[in-house]
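Enquirer: Here it is: the structure, laid out below.
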Amino acid sequence: MRPSPQAIFAVLYLLVQFTVPFARMHPGVSPPFAPRFSWSMFAGPLTAHCAQRLVYTHRDGSPATLPLPATDHPAYALLVARTPGDFARASQVLIPYASSDEAVADAVGDFLRRYRTVVDPARNHTLVSTLDCKSPIAPTVHRVLHLEAAP
Amino acid sequence: MRDPFVRRVDSRTQLTLQFGAAWLMVVGIAHASDDWNRVFTVWALGRPRFFGLAPKALTVTLGATAVLYFLGVHPRWTGLVACGLLAGIYALVPATYHNNTYVLFLFVLVTAAWAHAEYTLGWFARGGSPAPGDAPAVVPWLVRAQLLVIYLGSVLVKLCHPWWRGTGQVILWSANEHVPQDIPGWWNIPLRPLLGNPHGAAFADTLVTAAEVLIPLGLLTSRRRRLALGAAVCLHTFMQEWLFPQLFTFLMLLGLYAYVPSGDHGWTVTYDPAHPLDRTLVRLFDRLDWLARTRWIPNVSARDLTAVHTDGTLVTGASVLRLLAVLTPVTLFVWATLSLAAGGTLTLFTLPRPALENMALLVVALAYVPGVLDGVYRAARRRME
């Protein structure tokens with residue numbers, strides 16, 4: 001008996017749904033289902049072990065105060081997070097599009113670049129972020145982001 | 001296997017799945033939008049203004065569309081538009097990382113694509129009456145298949161990921177760090193000594209993986225289906241009360257209704273029509289029996305509620321109440337509504353929302369302690385005589 005077009009559609013539906021998980025994979029990242037989608041909870045990143053240090057200086061190297069948003073702004077916690085505990089809570093806003101500590105570091109870097117364009121569009125200051133992640137099993141991540149002041 | 005597009009079945013399951021997907025979308029989106037907005041806000045920083053407004057506008061429109069879908073206003077179109085909006089949010093901002101929104105998308109897609117012509121809220125308010133005409137078996141069939149995909153997909157992840165594979169790393173981290181830091185519930189207090197050590201975590205890891213293999217296998221066989229359904233309910237309840245996956249829990253529990261019969265009147269409940277408590281219970285549960293699982297037989301000589309299944313299973317007294325609460329999907333919707341409608345930051349008498357839910361479930365669990373519900377039931381019965 002030939003399957004009906006609707007039955008073919010149903011089978012396609014079940015197959016197509018896998019395209020989303022696969023489409024959201026990062027090529028070259030193992031294991032295969034880790035990145036950005038999973039039918040299992042917590043197959044993604046365990047970002048509880050990251051710590052970051054932010055240094056904000058004037059052009060001459062003297063310390064400057066990084067302008068912070070209001071304390072109830074979701075970016076505030078991320079900017080003031082220093083310890084792994086702080087960072088784990090604050091990074092909830094990044095987890096949706098981070099799949100590993102490497103991806104978290106990328107997301108933090110991306111966020112800081114954008115934040116700097118908002119608070120210092122003329123690039124009068126230098127922002128240096130140092131992020132260290134030591135999650136279980138995953139490779140240790142040490143990322144330094146150096147956003148130099150404009151000459 | 002007969003073509004589910006051709007084979008016609010009782011359509012109460014389809015109607016219930018449509019109602020459930022729609023209602024869970026309404027309360028689920030309201031619940032998730034708080035988290036989404038925080039992600040959108042951070043994501044929009046430093047981007048053109050359009051990017052700041054678009055995701056929030058999509059979310060508001062999605063909420064309004066979800067309400068229309070729930071009300072049954074052109075359900076096929078409103079449901080499909082809601083799916084499109086969800087996909088738009090998904091594409092614009094990768095904020096819907098977690099599987100829960102994706103399951104919602106798939107459930108709404110299926111129930112909207114084959115939206116039932118007789119879907120109205122009035123039908124549910126009347127306790128699933130009048131009996132709807134039959135419908136193709138495709139919606140329950142696809143939901144059943146979807147559940148299998150999710151369980152087996154989850155097993156595949158656990159077998160591939162080095163933090164699972166029986167190592168217990170994820171469970172260890174959850175018990176020792178994630179839950180104590182981020183989830184102010186109570187369940188981790190007794191669980192931490194068990195799951196917060198490497199051996200306990202590794203054992204739990206293996207147990208969960210095994211359960212996710214055995215549950216779908218059990219669901220596929222009619223002999224083991226009831227056992228598999230019970231195991232699935234226990235697994236999702238445990239996960240919900242410990243880790244609060246929220247929408248995912250309720251969508252999975254909703255999907256399990258695709259595996260139970262509807263319109264079979266398989267349970268015959270005998271009651272005393274002269275007893276006020278029996279009359280009240282019959283009136284209440286008859287209205288909640290959307291899947292038409294029961295048949296009510298008045299018997300003036302009946303001294304107690306009695307339920308007999310066509311397979312010979314006999315339940316009496318307070319156990320009938322437990323049975324009826326499980327047979328009606330309304331129990332699930334009440335739980336989901338209380339859990340999802342309460343915001344994550346809600347506190348009551350300094351008790352945070354997860355702890356409140358833990359406490360409420362503990363009270364419900366008392367009904368399963370031998371003698372407790374029976375005592376309450378007997379006392380109420382005597383008082384109303």
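Ordering of the structure tokens sets the chain letters (A, B, ...), residue numbers begin anew at 1 in every chain, and ligands are numbered from 1 in the order given.
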Return as a tab-separated table the residues of chain B lying at most 9 Å from chain A, together with the closest atom-to-atom pair for each and the distance in Å to one decimal, counting only C-alpha atoms, with rows in chain order and ascending residue number.

Expert:
```
residue	atom	partner	partner_atom	distance
B:Asp3	CA	A:Ala7	CA	7.1
B:Pro4	CA	A:Ala7	CA	7.6
B:Phe5	CA	A:Gln6	CA	6.7
B:Val6	CA	A:Ser4	CA	9.0
B:Asp35	CA	A:Val93	CA	7.9
B:Trp36	CA	A:Val93	CA	8.4
B:Arg38	CA	A:Pro74	CA	5.6
B:Val39	CA	A:Val93	CA	4.8
B:Phe40	CA	A:Val93	CA	8.5
B:Thr41	CA	A:Pro74	CA	7.2
B:Val42	CA	A:Ala75	CA	5.8
B:Trp43	CA	A:Phe111	CA	7.4
B:Ala44	CA	A:Arg114	CA	8.8
B:Leu45	CA	A:Tyr115	CA	6.2
B:Gly46	CA	A:Arg114	CA	4.6
B:Arg47	CA	A:Arg114	CA	7.3
B:Val93	CA	A:Tyr97	CA	8.5
B:Pro94	CA	A:Tyr97	CA	5.6
B:Ala95	CA	A:Pro96	CA	5.1
B:Thr96	CA	A:Pro96	CA	6.4
B:Tyr97	CA	A:Pro96	CA	4.7
B:His98	CA	A:Phe37	CA	6.6
B:Asn99	CA	A:Trp39	CA	5.7
B:Asn100	CA	A:Trp39	CA	8.7
B:Leu106	CA	A:Gln17	CA	8.1
B:Val138	CA	A:Ala10	CA	8.3
B:Leu142	CA	A:Ala10	CA	7.3
B:Ala145	CA	A:Leu14	CA	8.0
B:Gln146	CA	A:Leu14	CA	7.4
B:Val149	CA	A:Leu14	CA	8.2
B:Ile150	CA	A:Trp39	CA	6.0
B:Tyr151	CA	A:Trp39	CA	7.7
B:Leu152	CA	A:Trp39	CA	8.7
B:Gly153	CA	A:Trp39	CA	5.8
B:Ser154	CA	A:Ser40	CA	4.7
B:Val155	CA	A:Ser40	CA	7.8
B:Leu156	CA	A:Phe33	CA	8.5
B:Val157	CA	A:Phe33	CA	6.0
B:Lys158	CA	A:Ser40	CA	7.4
B:Cys160	CA	A:Pro31	CA	6.1
B:His161	CA	A:Pro31	CA	5.8
B:Pro162	CA	A:Ile137	CA	7.6
B:Trp163	CA	A:Ile137	CA	7.2
B:Trp164	CA	A:Ala43	CA	8.1
B:Gln169	CA	A:Pro136	CA	7.5
B:Val170	CA	A:Phe42	CA	7.0
B:Trp173	CA	A:Leu46	CA	8.2
B:Glu177	CA	A:Ala48	CA	7.7
B:His178	CA	A:Ala48	CA	7.5
B:Gln181	CA	A:Gly85	CA	7.4
B:Asp182	CA	A:Arg89	CA	7.0
B:Pro245	CA	A:Met41	CA	8.2
```

Enquirer: Just the residues within 10 Å of Thr65 (chain A), please, counting only C-alpha atoms, with nothing from its chain fewer than 2 positions along; format it as number ranges by chain.

Expert: A: 55-58, 63, 67-68, 125

Enquirer: Can you spit out the residues from that selection as a PDB file, in the first residue's frame, using C-alpha atoms?

Expert:
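Saved to selection-v9.pdb:
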```pdb
ATOM      1  CA  VAL A  55      39.853  46.822  34.403  1.00  0.00           C
ATOM      2  CA  TYR A  56      38.746  50.170  33.024  1.00  0.00           C
ATOM      3  CA  THR A  57      41.356  52.886  32.585  1.00  0.00           C
ATOM      4  CA  HIS A  58      41.799  56.332  31.080  1.00  0.00           C
ATOM      5  CA  PRO A  63      42.034  53.881  36.806  1.00  0.00           C
ATOM      6  CA  PRO A  67      29.697  53.415  34.079  1.00  0.00           C
ATOM      7  CA  LEU A  68      27.135  50.871  35.276  1.00  0.00           C
ATOM      8  CA  HIS A 125      38.975  54.472  27.801  1.00  0.00           C
TER       9      HIS A 125
END
```

Enquirer: Of the candidates B:Ala307, B:Thr16, B:Ala341, B:Val179, which shows the shortest atom-to-atom distance to Thr328 (chain B), using only C-alpha atoms?

Expert: B:Thr16

Enquirer: Using only C-alpha atoms, determine which residues lie at most 12 Å from Gly72 (chain B), disregarding the query and same-chain residues fewer than 3 positions distant; provide the list as a PyMOL selection string.

Expert: chain B and resi 15+18-19+22-23+65-69+75-79+111-112+115-124

Enquirer: Rounded to one decimal, what separation in Å do you get between CA of Val104 (chain A) and CA of Asn37 (chain B)?

Expert: 19.2 Å

Enquirer: Would you please work out which residue, of B:Thr280, B:Thr221, B:Thr249, B:Thr59, is nearest to Arg381 (chain B) when using only C-alpha atoms?

Expert: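 Result for the nearest residue to Arg381 (chain B): B:Thr280.
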
Enquirer: Determine, counting only C-alpha atoms, which protein, DNA and RNA residues have an atom within 10 Å of an atom of Leu17 (chain B); residues of the same chain fewer than 4 positions away are not included. Present the result as number ranges by chain.

Expert: B: 11-13, 21-23, 107-108, 110-111, 139-140, 143, 251, 254-258, 329

Enquirer: When you draw a straight line from CA of Val233 (chain B) to CA of Phe333 (chain B), how long is it in Å?

Expert: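 About the pair CA of Val233 (chain B) and CA of Phe333 (chain B): they are 14.2 Å apart.
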